[in-house]
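> Have a look at the structure that comes next, please.
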There are 2 protein chains.
Amino acid sequence: VIPDDIAALAASIPALDSAAMGHAVDRQLRLTKPEGSLGKLEGLSVWLCGVQGDAPPRPLANRRLVVLAGDHGVARLAVSAYPPEVTRQMVANFLAGGAACNVLARLLGVEVRVHDISIDGDVDGAPEALTRHKIRRGSGSIDREPALTDDEADAALRAGVAIADEAADEGVDVLIAGDMGIGDTTPAAALVCAFTGAEPVDAVGRGTGVDDGGWARKVAVVRDSLRRSRSRRNDAVATLAEIGGADFAVGTGLLLGAAARRTPVVLDGVVSGACALAAAAIAPGVRDYLVAGHVTTEPAHRTALDHLGLAPLLDLSLRLGEGTGALLALPLLDAAVAALREMSTFGEAGVSGPRD
Amino acid sequence: VIPDDIAALAASIPALDSAAMGHAVDRQLRLTKPEGSLGKLEGLSVWLCGVQGDAPPRPLANRRLVVLAGDHGVARLAVSAYPPEVTRQMVANFLAGGAACNVLARLLGVEVRVHDISIDGDVDGAPEALTRHKIRRGSGSIDREPALTDDEADAALRAGVAIADEAADEGVDVLIAGDMGIGDTTPAAALVCAFTGAEPVDAVGRGTGVDDGGWARKVAVVRDSLRRSRSRRNDAVATLAEIGGADFAVGTGLLLGAAARRTPVVLDGVVSGACALAAAAIAPGVRDYLVAGHVTTEPAHRTALDHLGLAPLLDLSLRLGEGTGALLALPLLDAAVAALREMSTFGEAGVSGPRD
């Protein structure tokens, strides 16, 4: 059941500003280039005008990667190529600045915020801010128990909204969704199956690189979780609690909160894709504030994006998570904004338009 | 016939440094991420090590867009949606900084060098440097006459080598190929047909957006040009002279010269794709120094990339030219370099590797 405050927030998500989008379309037609020749960049620029409510759009100057870290009981079932303690170790790596997401964020001028949402333990030497939104130590093993209690799911949604509100209050122009959690593509696949009707054998992939045996275990876990939770399938929040996890519920709240504050979000891989499905089940309007940074090699990711009607900007065969694919798409958004803001019009440049 | 100096240059193109590439592969395996999880970025980083002869690669600090501008006699046959004078007007726009390529180059820290190779006239108020490598005023109308004399083709190849040498001498780390010329996708399609055996009806597209009648005229021009020049098909330089143009021959020389100086080049659309086919016909080793920035909507472009064995990094439905698609791919090269240079290894970060 959607808690009242989240339902009110969902109802408050504004539509895109169609007047600003109309101005953007008009301006695109006057810029010194053939009509439509900037391809997907043109659509991105028009969309950002709708999000911001102004044309041309302002540059995405303040950009923040939010990495939600959590452990999953299913990781003990060897559904991943990596042992569960790697979640904690990688979060320490994020804090030290040595992971792929840190390198890309530095390159692209993006601030990194890491949150321990549900790590099964403590990160050595971590600042207090890391655990400010911690929900529990590890989410339940979804093959045989709920990932979260219903109260924890509600608290996690609210934590996600709080993270989005904090970003909006601090003037963040674009959020980048990142995740870290050994085993997390297993609940992600379960959620994608629950929200789209996909079959586990079609949705489950090899995550970070599990072998044939691990893949078969992963399919079995997803199937068991779906069977166990089937009576609550029509309840999006209960589905997050049953077969998702604390990190997924926070991620869902983050997307809802961002949309309510007109903050665009660049989605990363199958984890943020699963959160987007849950958020769209709670509030369909959330989709208007999302862009798919890329498509990964995980089959459930493509399924999720198709269901959401989102076309990925990049297809680079990434399967890393951490927000890396979303970060790589950011220069395309910057380019879309810059082209609409800075290009000369035919009139300004004295360039002839098309033949009659 | 390949002139002796160009043949000697072609013979001097070094192989990629396999030792550096081996070191890069080893380092990728030790970085804190699942093996292969950075997808195409990993291959890019290894390739750049091979190009530079060192691992990890140095950042692509000095980056230059080279825009080769030229007119084509076929533009008078209305094979383009735009009138021929737009070539000149757009070059003035480049010099004023108002075109799409200028905006993207500013965003990405890329220097822009524009060369009037074969504009059919003069650009008002242009600096002397613009015409330093000018070959002629407009290339011939390839449906009924050669684009260039054989001597002009040789001179154009040498001009391209000179532009590449100048860049290498000035410490340019990566070149971006750009073009401007109303009607230029027509000779580009003719060259792609000549070098790959593709049929005109399959190769010809709508360029910047020509209508059905223009498309049919374009196909007829390509077919006529191929028929007229068929006796010289086995001679790559003669093919450039017959059905290409001065800008294409300079572009071909640029790619040969860049490879000889170990300077990587990001290809843009069908024009640079056609130049790459010509360059590879003269010196197959040139392919080792090329990366395909993107794939456009022009069918001959995909044909050219397939023939060259190059997979495009981006697919954003661009059809603008000017090097815009190649510019948009540059952040992916930067990301590939940064990841290999800056990410922590498993040992440095104290992160566990995969399960046994």
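Letters for chains follow the order of the structure tokens (A, B, ...), residue numbers begin at 1 for each chain, and ligand numbers begin at 1 in the order shown.
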Which residues, written as a ChimeraX atom specification, have at least one atom at most 12 Å from Asp4 of chain B, with only C-alpha atoms counted and residues fewer than 3 positions away on the same chain left out?
/B:1,7-11,154,157-158,282
> So that I can check the secondary structure, give me every residue of segment 42-124 of chain B assigned alpha helix (DSSP H) by backbone DSSP, as a ChimeraX atom specification.
/B:42-52,86-96,100-108
> Per residue of segment 196-308 of chain A within 12 Å of segment 44-58 of chain A, record the nearest atom pair and its distance in Å to one decimal, counting only C-alpha atoms, with rows in chain order and ascending residue number, as a tab-separated table.

```
residue	atom	partner	partner_atom	distance
A:Ala258	CA	A:Val51	CA	11.0
A:Ala259	CA	A:Val51	CA	9.0
A:Ala260	CA	A:Val51	CA	10.8
A:Arg261	CA	A:Val51	CA	9.8
A:Arg262	CA	A:Val51	CA	6.0
A:Thr263	CA	A:Val51	CA	7.3
A:Pro264	CA	A:Val51	CA	6.9
A:Val265	CA	A:Val51	CA	10.5
A:Val266	CA	A:Leu44	CA	11.7
A:Gly285	CA	A:Val51	CA	11.9
A:Val286	CA	A:Val51	CA	11.3
A:Arg287	CA	A:Val51	CA	11.3
A:Asp288	CA	A:Val51	CA	7.9
A:Tyr289	CA	A:Val51	CA	6.7
A:Leu290	CA	A:Val51	CA	9.8
A:Val291	CA	A:Leu44	CA	8.7
A:Ala292	CA	A:Leu44	CA	11.1
A:Gly293	CA	A:Leu44	CA	11.5
```
> Segment 115-341 of chain B: which residues are strand (DSSP E or B) by DSSP, as a list in words?
His115, Asp116, Ile117, Ser118, Ser139, Val174, Leu175, Ile176, Ala177, Gly178, Asp179, Met180, Val265, Val266, Leu267, Leu290, Val291, Ala292, His294 and Leu314 of chain B
> Calculate how many Å separate atom CA of Asp315 of chain A from atom CA of Val103 of chain B, rounding to one decimal.
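A separation of 24.6 Å between them.
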> Would you pick out the contacts of Gly36 of chain B at 9 Å or less, using only C-alpha atoms, so that residues sharing its chain but fewer than 6 positions from it are not included, and give the list as an mmCIF file with N, CA and C atoms, in the first residue's frame?

```
data_model
loop_
_atom_site.group_PDB
_atom_site.id
_atom_site.type_symbol
_atom_site.label_atom_id
_atom_site.label_comp_id
_atom_site.auth_asym_id
_atom_site.auth_seq_id
_atom_site.Cartn_x
_atom_site.Cartn_y
_atom_site.Cartn_z
ATOM 1 N N THR A 208 27.621 -9.400 -13.105
ATOM 2 C CA THR A 208 29.024 -9.039 -13.285
ATOM 3 C C THR A 208 29.828 -10.156 -13.939
ATOM 4 N N GLY A 209 29.196 -11.309 -14.201
ATOM 5 C CA GLY A 209 29.927 -12.358 -14.916
ATOM 6 C C GLY A 209 29.844 -13.725 -14.255
ATOM 7 N N SER A 317 27.998 -2.041 -24.057
ATOM 8 C CA SER A 317 28.222 -3.354 -23.429
ATOM 9 C C SER A 317 28.805 -3.229 -22.022
ATOM 10 N N LEU A 318 28.420 -2.184 -21.307
ATOM 11 C CA LEU A 318 28.843 -2.047 -19.912
ATOM 12 C C LEU A 318 28.008 -2.976 -19.034
ATOM 13 N N ARG A 319 28.602 -3.437 -17.932
ATOM 14 C CA ARG A 319 27.857 -4.199 -16.930
ATOM 15 C C ARG A 319 28.543 -4.020 -15.582
ATOM 16 N N LEU A 320 28.757 -2.770 -15.223
ATOM 17 C CA LEU A 320 29.537 -2.453 -14.031
ATOM 18 C C LEU A 320 28.683 -1.882 -12.917
ATOM 19 N N GLN B 28 43.929 -3.791 -16.992
ATOM 20 C CA GLN B 28 42.459 -3.846 -16.940
ATOM 21 C C GLN B 28 41.999 -4.965 -16.008
ATOM 22 N N LEU B 29 42.704 -6.101 -16.033
ATOM 23 C CA LEU B 29 42.291 -7.254 -15.217
ATOM 24 C C LEU B 29 42.480 -7.006 -13.730
ATOM 25 N N GLU B 42 37.001 -0.603 -22.481
ATOM 26 C CA GLU B 42 38.235 -1.356 -22.250
ATOM 27 C C GLU B 42 39.006 -1.536 -23.559
#
```
> Excluding segment 226-239 of chain A and its own-chain neighbours fewer than 4 positions away, which residues fall within 10 Å of it when counting only C-alpha atoms? Please give them as a ChimeraX atom specification.
/A:1-3,142-150,153-154,157,190-191,193-195,200,220-222,243-245,249,252,277-282
> Using only C-alpha atoms for the distances, tell me which of A:Gly207, A:Pro299, A:Pro34, A:Gly22 is nearest to Arg355 of chain A.
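The closest residue to Arg355 of chain A is A:Pro34.
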> Would you pick out the contacts of Ala311 of chain A at 10 Å or less, using only C-alpha atoms, so that residues sharing its chain but fewer than 3 positions from it are not included, and give the list as a list of chain:residue names?
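Result of the neighbour search: A:Lys40, A:Val291, A:Ala292, A:Gly293, A:His294, A:Val295, A:Arg302, A:Leu305, A:Asp306, A:Leu308, A:Leu314.
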> Counting only C-alpha atoms, figure out which residue out of B:Pro331, B:Gly257, B:Gly109, B:Pro127 gets nearest to chain A.
B:Pro331
> Just checking: using only C-alpha atoms, which residue out of B:Leu254, B:Ala203, B:Ala329, B:Ala126 ends up closest to chain A?
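Closest residue, counting only C-alpha atoms: B:Ala329.
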> Neighbouring residues of Gly160 of chain B were defined as those with any atom within 6 Å, considering only C-alpha atoms; residues of the same chain fewer than 5 positions away were excluded. Please report them as an MDAnalysis selection string.
chainID B and resid 250:251 253:254
> Using C-alpha atoms, can you write the selected residues to a file as an mmCIF file, in the first residue's frame?

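Saved as out_28.cif:
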```cif
data_model
loop_
_atom_site.group_PDB
_atom_site.id
_atom_site.type_symbol
_atom_site.label_atom_id
_atom_site.label_comp_id
_atom_site.auth_asym_id
_atom_site.auth_seq_id
_atom_site.Cartn_x
_atom_site.Cartn_y
_atom_site.Cartn_z
ATOM 1 C CA VAL B 250 42.835 15.841 -48.746
ATOM 2 C CA GLY B 251 40.865 13.843 -46.174
ATOM 3 C CA GLY B 253 45.937 12.186 -47.170
ATOM 4 C CA LEU B 254 45.110 13.419 -43.677
#
```
> Let me make sure I understand: among B:Ser225, B:Thr131, B:Asn102, B:Thr196, which one has the smallest atom-to-atom distance to chain A if we use only C-alpha atoms?
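Using only C-alpha atoms, chain A sits closest to B:Asn102.
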> May I have the residues within 9 Å of Gly214 of chain A as a list in words, using only C-alpha atoms and disregarding those fewer than 3 positions away in the same chain?
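Non-adjacent residues within range: Leu77, Ala78, Val79, Ser80, Ala81, Arg206, Val210, Asp211, Arg217, Lys218 and Val219 of chain A.
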